[in-house]
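Enquirer: upload_20.cif (mmCIF, C-alpha atoms) pasted underneath:
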```cif
data_final
loop_
_atom_site.group_PDB
_atom_site.id
_atom_site.type_symbol
_atom_site.label_atom_id
_atom_site.label_comp_id
_atom_site.auth_asym_id
_atom_site.auth_seq_id
_atom_site.Cartn_x
_atom_site.Cartn_y
_atom_site.Cartn_z
ATOM 1 C CA MET A 204 -24.243 -13.156 -42.105
ATOM 2 C CA LEU A 205 -23.566 -9.739 -40.627
ATOM 3 C CA ASP A 206 -22.138 -6.982 -42.778
ATOM 4 C CA ASP A 207 -20.212 -3.853 -41.800
ATOM 5 C CA LEU A 208 -23.391 -1.792 -41.535
ATOM 6 C CA ASP A 209 -24.913 -4.268 -39.058
ATOM 7 C CA ARG A 210 -21.748 -4.080 -36.998
ATOM 8 C CA ARG A 211 -21.790 -0.278 -37.031
ATOM 9 C CA ILE A 212 -25.413 -0.220 -35.904
ATOM 10 C CA LEU A 213 -24.677 -2.648 -33.062
ATOM 11 C CA ARG A 214 -21.589 -0.678 -32.041
ATOM 12 C CA TYR A 215 -23.616 2.527 -31.715
ATOM 13 C CA MET A 216 -26.447 0.772 -29.885
ATOM 14 C CA GLN A 217 -24.062 -0.895 -27.442
ATOM 15 C CA GLY A 218 -22.515 2.457 -26.610
ATOM 16 C CA ASP A 219 -25.844 4.184 -26.126
ATOM 17 C CA PRO A 220 -28.867 1.862 -25.858
ATOM 18 C CA ASP A 221 -31.196 4.794 -25.155
ATOM 19 C CA THR A 222 -30.769 6.459 -28.556
ATOM 20 C CA SER A 223 -34.026 6.674 -30.493
ATOM 21 C CA ILE A 224 -34.234 5.125 -33.946
ATOM 22 C CA PRO A 225 -34.407 8.517 -35.777
ATOM 23 C CA ASP A 226 -31.320 9.803 -33.883
ATOM 24 C CA LEU A 227 -29.403 6.606 -34.525
ATOM 25 C CA ALA A 228 -30.371 6.667 -38.218
ATOM 26 C CA ASP A 229 -29.098 10.246 -38.399
ATOM 27 C CA ARG A 230 -25.775 9.379 -36.837
ATOM 28 C CA ILE A 231 -25.192 6.408 -39.118
ATOM 29 C CA GLY A 232 -26.468 8.258 -42.168
ATOM 30 C CA MET A 233 -29.365 6.068 -43.218
ATOM 31 C CA THR A 234 -33.150 6.470 -43.216
ATOM 32 C CA ALA A 235 -35.101 5.505 -40.092
ATOM 33 C CA SER A 236 -37.187 2.970 -42.007
ATOM 34 C CA ARG A 237 -34.106 1.237 -43.409
ATOM 35 C CA LEU A 238 -32.610 1.146 -39.917
ATOM 36 C CA SER A 239 -35.827 -0.314 -38.487
ATOM 37 C CA ARG A 240 -35.778 -3.088 -41.064
ATOM 38 C CA ARG A 241 -32.166 -3.885 -40.184
ATOM 39 C CA LEU A 242 -33.001 -3.969 -36.476
ATOM 40 C CA ASP A 243 -36.007 -6.222 -37.082
ATOM 41 C CA LYS A 244 -33.751 -8.622 -38.933
ATOM 42 C CA LEU A 245 -31.126 -8.566 -36.169
ATOM 43 C CA ARG A 246 -33.854 -9.402 -33.660
ATOM 44 C CA GLU A 247 -35.406 -12.113 -35.827
ATOM 45 C CA THR A 248 -32.059 -13.851 -36.306
ATOM 46 C CA GLY A 249 -31.428 -13.630 -32.564
ATOM 47 C CA VAL A 250 -28.307 -11.440 -32.754
ATOM 48 C CA ILE A 251 -30.098 -8.852 -30.621
ATOM 49 C CA LEU A 252 -31.585 -10.730 -27.662
ATOM 50 C CA GLY A 253 -33.194 -7.728 -26.011
ATOM 51 C CA THR A 254 -32.618 -4.681 -23.859
ATOM 52 C CA ARG A 255 -32.671 -4.838 -20.086
ATOM 53 C CA ALA A 256 -32.533 -2.304 -17.289
ATOM 54 C CA VAL A 257 -29.364 -2.438 -15.197
ATOM 55 C CA ILE A 258 -30.091 -2.480 -11.464
ATOM 56 C CA ASN A 259 -27.687 -0.644 -9.176
ATOM 57 C CA TRP A 260 -27.871 -2.740 -6.000
ATOM 58 C CA GLN A 261 -25.910 -0.156 -4.039
ATOM 59 C CA ALA A 262 -28.669 2.390 -4.617
ATOM 60 C CA LEU A 263 -31.064 -0.203 -3.156
ATOM 61 C CA GLY A 264 -28.990 -0.383 0.004
ATOM 62 C CA TYR A 265 -26.780 -3.367 -0.814
ATOM 63 C CA ALA A 266 -23.353 -1.898 -0.088
ATOM 64 C CA VAL A 267 -21.420 -5.164 -0.076
ATOM 65 C CA GLU A 268 -20.706 -7.380 -3.079
ATOM 66 C CA VAL A 269 -18.614 -10.500 -2.721
ATOM 67 C CA SER A 270 -17.483 -12.939 -5.345
ATOM 68 C CA LEU A 271 -17.388 -16.465 -3.922
ATOM 69 C CA ARG A 272 -15.193 -18.875 -5.858
ATOM 70 C CA THR A 273 -16.013 -22.436 -4.987
ATOM 71 C CA THR A 274 -14.590 -25.792 -5.853
ATOM 72 C CA LEU A 275 -16.940 -28.743 -5.522
ATOM 73 C CA ASP A 276 -16.517 -32.348 -4.524
ATOM 74 C CA LYS A 277 -16.426 -33.923 -7.994
ATOM 75 C CA THR A 278 -16.609 -37.466 -6.681
ATOM 76 C CA GLN A 279 -20.325 -36.690 -6.307
ATOM 77 C CA THR A 280 -21.844 -37.017 -9.778
ATOM 78 C CA ARG A 281 -24.683 -34.586 -9.051
ATOM 79 C CA ALA A 282 -22.465 -32.041 -7.279
ATOM 80 C CA PHE A 283 -22.879 -29.218 -9.838
ATOM 81 C CA ASP A 284 -26.639 -29.652 -10.251
ATOM 82 C CA GLU A 285 -27.383 -29.893 -6.557
ATOM 83 C CA PHE A 286 -25.098 -27.027 -5.611
ATOM 84 C CA ILE A 287 -26.563 -24.719 -8.268
ATOM 85 C CA GLU A 288 -30.155 -25.680 -7.469
ATOM 86 C CA ALA A 289 -29.587 -24.829 -3.806
ATOM 87 C CA ALA A 290 -27.711 -21.594 -4.619
ATOM 88 C CA ARG A 291 -30.688 -20.389 -6.696
ATOM 89 C CA LEU A 292 -32.798 -20.409 -3.539
ATOM 90 C CA ILE A 293 -30.607 -17.789 -1.833
ATOM 91 C CA PRO A 294 -32.162 -14.401 -2.653
ATOM 92 C CA GLU A 295 -28.886 -12.491 -2.250
ATOM 93 C CA VAL A 296 -27.169 -14.538 -4.966
ATOM 94 C CA VAL A 297 -27.369 -12.329 -8.070
ATOM 95 C CA GLU A 298 -25.154 -14.310 -10.439
ATOM 96 C CA ILE A 299 -24.148 -17.951 -10.867
ATOM 97 C CA GLN A 300 -21.333 -18.879 -13.255
ATOM 98 C CA THR A 301 -19.620 -22.190 -13.966
ATOM 99 C CA PHE A 302 -16.025 -22.480 -15.117
ATOM 100 C CA LEU A 303 -13.348 -24.678 -16.558
ATOM 101 C CA GLY A 304 -10.238 -24.071 -14.495
ATOM 102 C CA GLN A 305 -9.307 -23.818 -10.856
ATOM 103 C CA VAL A 306 -12.770 -22.518 -9.946
ATOM 104 C CA ASP A 307 -15.872 -24.681 -10.480
ATOM 105 C CA VAL A 308 -18.737 -22.338 -9.635
ATOM 106 C CA ARG A 309 -18.697 -18.652 -8.788
ATOM 107 C CA LEU A 310 -21.502 -16.913 -6.938
ATOM 108 C CA SER A 311 -21.991 -13.152 -6.746
ATOM 109 C CA VAL A 312 -23.527 -12.349 -3.393
ATOM 110 C CA ILE A 313 -24.844 -8.954 -2.304
ATOM 111 C CA ALA A 314 -25.516 -7.828 1.267
ATOM 112 C CA ARG A 315 -26.580 -4.660 3.067
ATOM 113 C CA ASP A 316 -23.453 -4.559 5.238
ATOM 114 C CA MET A 317 -20.772 -6.848 6.608
ATOM 115 C CA ALA A 318 -22.973 -8.169 9.418
ATOM 116 C CA HIS A 319 -25.652 -9.081 6.896
ATOM 117 C CA TYR A 320 -22.990 -10.706 4.675
ATOM 118 C CA GLN A 321 -21.718 -12.749 7.593
ATOM 119 C CA ASP A 322 -25.264 -13.999 8.251
ATOM 120 C CA ILE A 323 -25.758 -15.040 4.633
ATOM 121 C CA TYR A 324 -22.331 -16.654 4.516
ATOM 122 C CA ARG A 325 -22.785 -18.683 7.679
ATOM 123 C CA GLU A 326 -26.448 -19.597 7.400
ATOM 124 C CA GLN A 327 -26.901 -20.047 3.675
ATOM 125 C CA ILE A 328 -23.609 -20.333 1.792
ATOM 126 C CA LEU A 329 -21.697 -22.698 4.066
ATOM 127 C CA THR A 330 -24.701 -25.017 4.169
ATOM 128 C CA LEU A 331 -24.749 -25.462 0.370
ATOM 129 C CA PRO A 332 -24.098 -29.075 -0.688
ATOM 130 C CA HIS A 333 -20.826 -30.566 -2.024
ATOM 131 C CA ILE A 334 -18.510 -27.615 -1.303
ATOM 132 C CA ASN A 335 -14.866 -28.537 -1.261
ATOM 133 C CA ASP A 336 -13.405 -25.068 -0.809
ATOM 134 C CA ILE A 337 -14.539 -21.428 -0.922
ATOM 135 C CA GLU A 338 -12.513 -18.300 -1.545
ATOM 136 C CA ALA A 339 -13.923 -14.815 -1.295
ATOM 137 C CA LEU A 340 -13.035 -11.735 -3.300
ATOM 138 C CA MET A 341 -14.657 -8.587 -1.977
ATOM 139 C CA GLN A 342 -15.447 -5.933 -4.515
ATOM 140 C CA VAL A 343 -13.845 -2.564 -3.806
ATOM 141 C CA ALA A 344 -14.764 -0.744 -7.013
ATOM 142 C CA ARG A 345 -16.018 -1.317 -10.512
ATOM 143 C CA ILE A 346 -13.536 0.229 -12.937
ATOM 144 C CA LYS A 347 -15.290 -0.889 -16.117
ATOM 145 C CA SER A 348 -18.668 -2.557 -16.290
ATOM 146 C CA ASP A 349 -20.243 -2.014 -19.701
ATOM 147 C CA GLU A 350 -19.698 -5.628 -20.868
ATOM 148 C CA SER A 351 -19.503 -4.397 -24.468
ATOM 149 C CA LEU A 352 -18.322 -6.715 -27.206
ATOM 150 C CA PRO A 353 -15.482 -5.425 -29.427
ATOM 151 C CA ILE A 354 -17.627 -5.680 -32.577
ATOM 152 C CA MET H 95 -32.351 5.689 0.085
ATOM 153 C CA ILE H 96 -35.959 5.407 -1.018
ATOM 154 C CA ASP H 97 -38.490 2.861 0.143
ATOM 155 C CA LEU H 98 -39.859 0.555 -2.499
ATOM 156 C CA ASP H 99 -43.212 -1.135 -2.309
ATOM 157 C CA ASP H 100 -44.111 -4.455 -3.943
ATOM 158 C CA ILE H 101 -45.267 -2.806 -7.161
ATOM 159 C CA ASP H 102 -41.969 -0.879 -7.482
ATOM 160 C CA ARG H 103 -40.086 -4.127 -7.068
ATOM 161 C CA GLN H 104 -42.276 -5.891 -9.649
ATOM 162 C CA ILE H 105 -41.723 -3.046 -12.125
ATOM 163 C CA LEU H 106 -37.978 -3.150 -11.501
ATOM 164 C CA LEU H 107 -37.898 -6.905 -11.995
ATOM 165 C CA ALA H 108 -39.942 -6.630 -15.213
ATOM 166 C CA LEU H 109 -37.652 -3.904 -16.619
ATOM 167 C CA SER H 110 -34.515 -5.836 -15.675
ATOM 168 C CA ARG H 111 -35.789 -8.578 -17.979
ATOM 169 C CA ASP H 112 -37.117 -6.366 -20.768
ATOM 170 C CA ALA H 113 -36.506 -2.622 -20.677
ATOM 171 C CA THR H 114 -38.425 -1.993 -23.891
ATOM 172 C CA GLN H 115 -41.821 -2.445 -22.209
ATOM 173 C CA SER H 116 -43.827 0.774 -22.264
ATOM 174 C CA ALA H 117 -45.238 2.399 -19.135
ATOM 175 C CA SER H 118 -48.756 1.673 -20.370
ATOM 176 C CA ALA H 119 -48.043 -2.022 -20.971
ATOM 177 C CA LEU H 120 -46.456 -2.324 -17.512
ATOM 178 C CA GLY H 121 -49.321 -0.363 -15.980
ATOM 179 C CA ARG H 122 -51.876 -2.794 -17.384
ATOM 180 C CA ARG H 123 -50.000 -5.686 -15.735
ATOM 181 C CA PHE H 124 -50.074 -4.023 -12.320
ATOM 182 C CA SER H 125 -53.477 -2.289 -12.696
ATOM 183 C CA LEU H 126 -51.933 1.193 -12.696
ATOM 184 C CA SER H 127 -52.559 4.107 -15.020
ATOM 185 C CA GLN H 128 -49.873 4.962 -17.573
ATOM 186 C CA PRO H 129 -48.901 8.249 -15.757
ATOM 187 C CA ALA H 130 -48.733 6.500 -12.366
ATOM 188 C CA THR H 131 -46.472 3.784 -13.811
ATOM 189 C CA TRP H 132 -44.320 6.380 -15.567
ATOM 190 C CA ARG H 133 -43.882 8.283 -12.270
ATOM 191 C CA ARG H 134 -42.723 5.110 -10.531
ATOM 192 C CA ILE H 135 -40.199 4.345 -13.293
ATOM 193 C CA LYS H 136 -38.976 7.953 -13.186
ATOM 194 C CA ARG H 137 -38.520 7.701 -9.420
ATOM 195 C CA LEU H 138 -36.457 4.506 -9.795
ATOM 196 C CA GLN H 139 -34.288 6.242 -12.385
ATOM 197 C CA ASP H 140 -33.861 9.430 -10.354
ATOM 198 C CA ALA H 141 -32.803 7.415 -7.290
ATOM 199 C CA GLY H 142 -30.155 5.701 -9.442
ATOM 200 C CA ILE H 143 -31.711 2.274 -8.854
ATOM 201 C CA ILE H 144 -32.140 1.862 -12.604
ATOM 202 C CA ALA H 145 -28.575 2.646 -13.608
ATOM 203 C CA GLY H 146 -29.203 2.539 -17.342
ATOM 204 C CA ARG H 147 -30.064 0.132 -20.087
ATOM 205 C CA LYS H 148 -27.992 -2.603 -21.616
ATOM 206 C CA LEU H 149 -28.286 -4.145 -25.050
ATOM 207 C CA ASP H 150 -28.078 -7.932 -24.864
ATOM 208 C CA LEU H 151 -26.367 -9.483 -27.861
ATOM 209 C CA ASP H 152 -25.778 -13.128 -28.736
ATOM 210 C CA LYS H 153 -21.999 -13.201 -28.430
ATOM 211 C CA GLU H 154 -21.607 -16.530 -30.253
ATOM 212 C CA LYS H 155 -23.551 -15.232 -33.257
ATOM 213 C CA LEU H 156 -21.203 -12.248 -33.342
ATOM 214 C CA GLY H 157 -18.192 -14.557 -33.360
ATOM 215 C CA PHE H 158 -17.127 -14.300 -29.720
ATOM 216 C CA GLY H 159 -17.016 -17.904 -28.640
ATOM 217 C CA VAL H 160 -14.879 -17.647 -25.516
ATOM 218 C CA THR H 161 -15.246 -15.703 -22.268
ATOM 219 C CA VAL H 162 -12.463 -15.950 -19.706
ATOM 220 C CA PHE H 163 -12.295 -14.498 -16.224
ATOM 221 C CA LEU H 164 -8.862 -13.463 -15.083
ATOM 222 C CA GLY H 165 -7.648 -12.893 -11.557
ATOM 223 C CA ILE H 166 -4.662 -10.567 -11.602
ATOM 224 C CA LYS H 167 -2.240 -9.871 -8.825
ATOM 225 C CA LEU H 168 -0.131 -6.747 -9.163
ATOM 226 C CA ALA H 169 3.604 -7.203 -8.912
ATOM 227 C CA THR H 170 4.265 -3.712 -7.595
ATOM 228 C CA LYS H 171 1.892 -1.567 -5.594
ATOM 229 C CA GLY H 172 1.425 2.092 -4.842
ATOM 230 C CA ARG H 173 -1.241 4.605 -5.813
ATOM 231 C CA VAL H 174 0.363 5.584 -9.104
ATOM 232 C CA SER H 175 0.782 2.040 -10.325
ATOM 233 C CA LEU H 176 -2.890 1.244 -9.526
ATOM 234 C CA GLU H 177 -4.073 4.174 -11.605
ATOM 235 C CA ASP H 178 -1.738 3.322 -14.483
ATOM 236 C CA PHE H 179 -2.878 -0.262 -14.422
ATOM 237 C CA GLU H 180 -6.577 0.633 -14.325
ATOM 238 C CA ARG H 181 -6.296 3.106 -17.183
ATOM 239 C CA ALA H 182 -4.393 0.646 -19.358
ATOM 240 C CA VAL H 183 -6.598 -2.363 -18.623
ATOM 241 C CA ALA H 184 -9.884 -0.493 -19.137
ATOM 242 C CA ALA H 185 -8.690 0.629 -22.583
ATOM 243 C CA ILE H 186 -8.363 -2.938 -23.914
ATOM 244 C CA PRO H 187 -11.440 -3.567 -26.108
ATOM 245 C CA GLU H 188 -11.603 -7.290 -25.286
ATOM 246 C CA VAL H 189 -11.724 -6.541 -21.552
ATOM 247 C CA GLN H 190 -15.436 -6.240 -20.787
ATOM 248 C CA THR H 191 -15.363 -5.642 -17.055
ATOM 249 C CA VAL H 192 -12.728 -4.654 -14.515
ATOM 250 C CA GLU H 193 -13.329 -4.970 -10.794
ATOM 251 C CA HIS H 194 -10.914 -3.915 -8.092
ATOM 252 C CA VAL H 195 -11.173 -6.629 -5.429
ATOM 253 C CA LEU H 196 -9.791 -7.568 -2.032
ATOM 254 C CA GLY H 197 -8.578 -11.100 -1.536
ATOM 255 C CA MET H 198 -6.075 -13.314 -3.238
ATOM 256 C CA TYR H 199 -6.207 -11.137 -6.388
ATOM 257 C CA ASP H 200 -6.205 -7.382 -6.891
ATOM 258 C CA TYR H 201 -8.312 -7.259 -10.056
ATOM 259 C CA ARG H 202 -10.902 -9.417 -11.681
ATOM 260 C CA LEU H 203 -11.372 -9.092 -15.447
ATOM 261 C CA ARG H 204 -13.924 -10.464 -17.856
ATOM 262 C CA VAL H 205 -12.302 -10.983 -21.248
ATOM 263 C CA THR H 206 -14.050 -11.939 -24.481
ATOM 264 C CA ALA H 207 -12.310 -13.532 -27.457
ATOM 265 C CA ARG H 208 -13.174 -15.238 -30.736
ATOM 266 C CA ASP H 209 -11.588 -18.547 -29.702
ATOM 267 C CA ILE H 210 -8.850 -19.908 -27.455
ATOM 268 C CA SER H 211 -6.016 -18.854 -29.766
ATOM 269 C CA ASP H 212 -7.497 -15.341 -29.984
ATOM 270 C CA PHE H 213 -7.635 -15.345 -26.188
ATOM 271 C CA GLU H 214 -3.978 -16.339 -26.066
ATOM 272 C CA ARG H 215 -3.143 -13.344 -28.275
ATOM 273 C CA VAL H 216 -5.052 -10.976 -25.943
ATOM 274 C CA LEU H 217 -3.438 -12.528 -22.891
ATOM 275 C CA ARG H 218 0.125 -12.366 -24.211
ATOM 276 C CA ARG H 219 0.056 -9.091 -26.097
ATOM 277 C CA ARG H 220 -2.318 -7.044 -23.985
ATOM 278 C CA ILE H 221 -2.701 -8.441 -20.473
ATOM 279 C CA MET H 222 0.807 -9.716 -19.685
ATOM 280 C CA THR H 223 2.263 -6.419 -20.933
ATOM 281 C CA LEU H 224 0.132 -4.278 -18.589
ATOM 282 C CA PRO H 225 2.115 -2.054 -16.234
ATOM 283 C CA GLY H 226 2.530 -3.846 -12.912
ATOM 284 C CA ALA H 227 0.714 -7.075 -13.851
ATOM 285 C CA GLY H 228 2.030 -10.025 -11.857
ATOM 286 C CA ASN H 229 0.430 -13.375 -11.288
ATOM 287 C CA VAL H 230 -2.539 -14.196 -13.580
ATOM 288 C CA GLU H 231 -5.127 -16.943 -13.111
ATOM 289 C CA ALA H 232 -7.546 -17.817 -15.900
ATOM 290 C CA ASN H 233 -10.910 -19.588 -15.719
ATOM 291 C CA VAL H 234 -12.931 -20.252 -18.871
ATOM 292 C CA LEU H 235 -16.634 -19.444 -18.503
ATOM 293 C CA LEU H 236 -18.893 -22.405 -19.264
ATOM 294 C CA SER H 237 -22.301 -21.016 -18.270
ATOM 295 C CA GLU H 238 -23.782 -18.045 -16.487
ATOM 296 C CA GLU H 239 -27.154 -17.033 -15.163
ATOM 297 C CA ARG H 240 -28.326 -13.763 -13.744
ATOM 298 C CA ARG H 241 -30.719 -14.095 -10.813
ATOM 299 C CA PRO H 242 -33.474 -11.629 -9.836
ATOM 300 C CA GLY H 243 -31.715 -11.116 -6.499
ATOM 301 C CA PRO H 244 -33.639 -9.955 -3.423
ATOM 302 C CA LEU H 245 -36.315 -8.169 -5.500
ATOM 303 C CA GLY H 246 -38.948 -10.745 -4.688
ATOM 304 C CA LEU H 247 -38.628 -10.086 -0.958
ATOM 305 C CA PRO H 248 -40.611 -7.606 1.140
ATOM 306 C CA THR H 249 -38.499 -4.711 2.480
ATOM 307 C CA GLY H 250 -36.769 -5.204 5.775
ATOM 308 C CA SER H 251 -36.512 -8.951 5.546
#
```
Just give me the structure as structure tokens.
Expert:
Amino acid sequence: MLDDLDRRILRYMQGDPDTSIPDLADRIGMTASRLSRRLDKLRETGVILGTRAVINWQALGYAVEVSLRTTLDKTQTRAFDEFIEAARLIPEVVEIQTFLGQVDVRLSVIARDMAHYQDIYREQILTLPHINDIEALMQVARIKSDESLPI
Amino acid sequence: MIDLDDIDRQILLALSRDATQSASALGRRFSLSQPATWRRIKRLQDAGIIAGRKLDLDKEKLGFGVTVFLGIKLATKGRVSLEDFERAVAAIPEVQTVEHVLGMYDYRLRVTARDISDFERVLRRRIMTLPGAGNVEANVLLSEERRPGPLGLPTGS
């Protein structure tokens, strides 16, 4: 079970994942070795899964990001599996999510520009199996993107 | 924009999976010296390609069992109302991401909650009361996977 101290540690780390252990220990008011032991435990129990680098696709020249909301033909029993397997083969698909609701599967697609997006859409997306309907939302701006949990 | 070679892309891919790997450990994988690897990582950071680091937590273990994506249409528009809406929505702790989008909705939100009744509380008390919020569509997240994207491809393809 997590206690308040664990939650405080995670809150600080979420806000600033680059802080070193001695700095973090200072801010929380505990010794670095006690903090390390806490962190080891949080990793062992799987609460902390890891730390990853966030890639800014725009800086790599991918100016366009589109969210494609699809509904699938559910009379086909393998519709989800086959659609997702095929979507994984498209390099420009950076995220695949499944939902309960009006949307079945959502793909995040990146492209260098609109012409490139149109190519991907026509050649690779529209040829995916079992699509019933697709709706596109084009991203204009990210207002908040930290994905922090309100611990 | 800077040109990346295959090793840069491999390093980027490796760090996007585990950012705690040291330059020397990465260097050994790609037969590079520690300083040469460090310079490549520094270059990726300076160019803004590595935008930062993110702590990955098990949300279920922390008690957040439900993630819902909301599509929100604004009822009234105009520059001022957009800014008011954005400021208010970004301040809600349960709202993890906010994207301004073009299409059948104006905003796309990722909302985390402890369970469905907790989500209902957030929706009613926080989201529906936002300035200018109109039509709201909710989809409950069942699964998600992040893909490596075009990193495996040679440049220019």
Enquirer: Nearest residue to A:Ile328 out of A:Ser348, A:Gln305, A:Gln342, A:Ser270, using only C-alpha atoms?
Expert: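 Closest candidate: A:Ser270.
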Enquirer: Between atom CA of A:Phe283 and atom CA of A:Glu295, measure the distance and give it in Å to one decimal.
Expert: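 Interatomic distance, atom CA of A:Phe283 to atom CA of A:Glu295: 19.3 Å.
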Enquirer: Excluding A:Trp260 and its own-chain neighbours fewer than 3 positions away, which residues fall within 10 Å of it when counting only C-alpha atoms? Please give them as number ranges by chain.
Expert: A: 257, 263-268, 297, 313-315; H: 142-145, 243-244
Enquirer: With all atoms listed in the file considered, list every residue of chain H at most 6 Å from chain A, as a ChimeraX atom specification.
Expert: /H:109-113,143-152,187-188,190-197,233-241,243-244
Enquirer: Out of H:Leu98, H:Ile210, H:Ile105, H:Ile186, which residue has the shortest atom-to-atom distance to H:Val162 when counting all atoms listed in the file?
Expert: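 Comparing H:Leu98, H:Ile210, H:Ile105, H:Ile186 against H:Val162, the winner is H:Ile210.
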Enquirer: Taking (-23.1, 4.1, -35.1) in the file's coordinates, which residues come within 9 Å, counting all atoms listed in the file, written as a list in words?
Expert: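 Residues lying no farther than 9 Å from the given point: Leu208, Arg210, Arg211, Ile212, Leu213, Arg214, Tyr215, Met216, Gly218, Leu227, Ala228, Arg230, Ile231 and Gly232 of chain A.
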Enquirer: Include C-alpha atoms and write out the residues we just selected as a JSON list (two decimals), in the coordinates of the input.
Expert:
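Contents of result_37.json, as written:
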```json
[["chain", "number", "residue", "atom", "x", "y", "z"],
["A", 208, "LEU", "CA", -23.39, -1.79, -41.54],
["A", 210, "ARG", "CA", -21.75, -4.08, -37.00],
["A", 211, "ARG", "CA", -21.79, -0.28, -37.03],
["A", 212, "ILE", "CA", -25.41, -0.22, -35.90],
["A", 213, "LEU", "CA", -24.68, -2.65, -33.06],
["A", 214, "ARG", "CA", -21.59, -0.68, -32.04],
["A", 215, "TYR", "CA", -23.62, 2.53, -31.72],
["A", 216, "MET", "CA", -26.45, 0.77, -29.88],
["A", 218, "GLY", "CA", -22.52, 2.46, -26.61],
["A", 227, "LEU", "CA", -29.40, 6.61, -34.52],
["A", 228, "ALA", "CA", -30.37, 6.67, -38.22],
["A", 230, "ARG", "CA", -25.78, 9.38, -36.84],
["A", 231, "ILE", "CA", -25.19, 6.41, -39.12],
["A", 232, "GLY", "CA", -26.47, 8.26, -42.17]]
```
Enquirer: Any idea what's packed within 8 Å of H:Arg103, counting only C-alpha atoms, ignoring anything in its chain fewer than 4 positions away? Could you give it as a VMD selection string?
Expert: chain H and resid 98 to 99 107 245 to 246
Enquirer: The PyMOL selection byres ((chain A and resi 275) around 7) - which residues does that actually catch in the file I just gave you? List them as an NGL selection string.
Expert: :A and (273-274 or 276-277 or 282 or 307 or 333-336)
Enquirer: Save out the residues we just selected, C-alpha atoms, as a CSV table (one decimal), keeping the file's coordinate frame.
Expert:
```csv
chain,number,residue,atom,x,y,z
A,273,THR,CA,-16.0,-22.4,-5.0
A,274,THR,CA,-14.6,-25.8,-5.9
A,276,ASP,CA,-16.5,-32.3,-4.5
A,277,LYS,CA,-16.4,-33.9,-8.0
A,282,ALA,CA,-22.5,-32.0,-7.3
A,307,ASP,CA,-15.9,-24.7,-10.5
A,333,HIS,CA,-20.8,-30.6,-2.0
A,334,ILE,CA,-18.5,-27.6,-1.3
A,335,ASN,CA,-14.9,-28.5,-1.3
A,336,ASP,CA,-13.4,-25.1,-0.8
```
Enquirer: Expressed in Å to a single decimal, how great is the separation between atom CA of A:Thr280 and atom CA of A:Ile337?
Expert: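 The value is 19.4 Å.
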Enquirer: Pick out the closest residue to H:Asn229 from this set: H:Met198, H:Ile96, H:Ser175, H:Phe163. Count all atoms listed in the file.
Expert: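 Closest to H:Asn229, using all atoms listed in the file: H:Met198.
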Enquirer: Go ahead and compute the interatomic distance for atom CA of H:Val189 and atom CA of H:Thr161, in Å to one decimal.
Expert: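 Between atom CA of H:Val189 and atom CA of H:Thr161 the gap is 9.8 Å.
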Enquirer: Calculated over only C-alpha atoms, which of the candidates H:Arg181, H:Lys155, H:Arg204, H:Arg133 has the smallest distance to H:Leu224?
Expert: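 Ranking H:Arg181, H:Lys155, H:Arg204, H:Arg133 by distance to H:Leu224, first place goes to H:Arg181.
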Enquirer: Quick check on the file I pasted: which residues fall under the PyMOL selection byres ((chain H and resi 217) around 12)? Write them as a ChimeraX atom specification.
Expert: /H:162-164,166,183,186,188-189,203-207,210-216,218-224,227,230-232
Enquirer: Next, write the just-selected residues to a file, as an mmCIF file, in the coordinates of the input, keeping C-alpha atoms as the atom set.
Expert:
```
data_model
loop_
_atom_site.group_PDB
_atom_site.id
_atom_site.type_symbol
_atom_site.label_atom_id
_atom_site.label_comp_id
_atom_site.auth_asym_id
_atom_site.auth_seq_id
_atom_site.Cartn_x
_atom_site.Cartn_y
_atom_site.Cartn_z
ATOM 1 C CA VAL H 162 -12.463 -15.950 -19.706
ATOM 2 C CA PHE H 163 -12.295 -14.498 -16.224
ATOM 3 C CA LEU H 164 -8.862 -13.463 -15.083
ATOM 4 C CA ILE H 166 -4.662 -10.567 -11.602
ATOM 5 C CA VAL H 183 -6.598 -2.363 -18.623
ATOM 6 C CA ILE H 186 -8.363 -2.938 -23.914
ATOM 7 C CA GLU H 188 -11.603 -7.290 -25.286
ATOM 8 C CA VAL H 189 -11.724 -6.541 -21.552
ATOM 9 C CA LEU H 203 -11.372 -9.092 -15.447
ATOM 10 C CA ARG H 204 -13.924 -10.464 -17.856
ATOM 11 C CA VAL H 205 -12.302 -10.983 -21.248
ATOM 12 C CA THR H 206 -14.050 -11.939 -24.481
ATOM 13 C CA ALA H 207 -12.310 -13.532 -27.457
ATOM 14 C CA ILE H 210 -8.850 -19.908 -27.455
ATOM 15 C CA SER H 211 -6.016 -18.854 -29.766
ATOM 16 C CA ASP H 212 -7.497 -15.341 -29.984
ATOM 17 C CA PHE H 213 -7.635 -15.345 -26.188
ATOM 18 C CA GLU H 214 -3.978 -16.339 -26.066
ATOM 19 C CA ARG H 215 -3.143 -13.344 -28.275
ATOM 20 C CA VAL H 216 -5.052 -10.976 -25.943
ATOM 21 C CA ARG H 218 0.125 -12.366 -24.211
ATOM 22 C CA ARG H 219 0.056 -9.091 -26.097
ATOM 23 C CA ARG H 220 -2.318 -7.044 -23.985
ATOM 24 C CA ILE H 221 -2.701 -8.441 -20.473
ATOM 25 C CA MET H 222 0.807 -9.716 -19.685
ATOM 26 C CA THR H 223 2.263 -6.419 -20.933
ATOM 27 C CA LEU H 224 0.132 -4.278 -18.589
ATOM 28 C CA ALA H 227 0.714 -7.075 -13.851
ATOM 29 C CA VAL H 230 -2.539 -14.196 -13.580
ATOM 30 C CA GLU H 231 -5.127 -16.943 -13.111
ATOM 31 C CA ALA H 232 -7.546 -17.817 -15.900
#
```
Enquirer: Would you translate the PyMOL selection byres ((chain H and resi 134) around 10) into the concrete set of residues it matches in this file, as a list in words?
Expert: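 Applying the PyMOL selection byres ((chain H and resi 134) around 10) to the structure shown produces Leu98, Ile101, Asp102, Ile105, Leu106, Ala117, Pro129, Ala130, Thr131, Trp132, Arg133, Ile135, Lys136, Arg137, Leu138, Gln139 and Asp140 of chain H.
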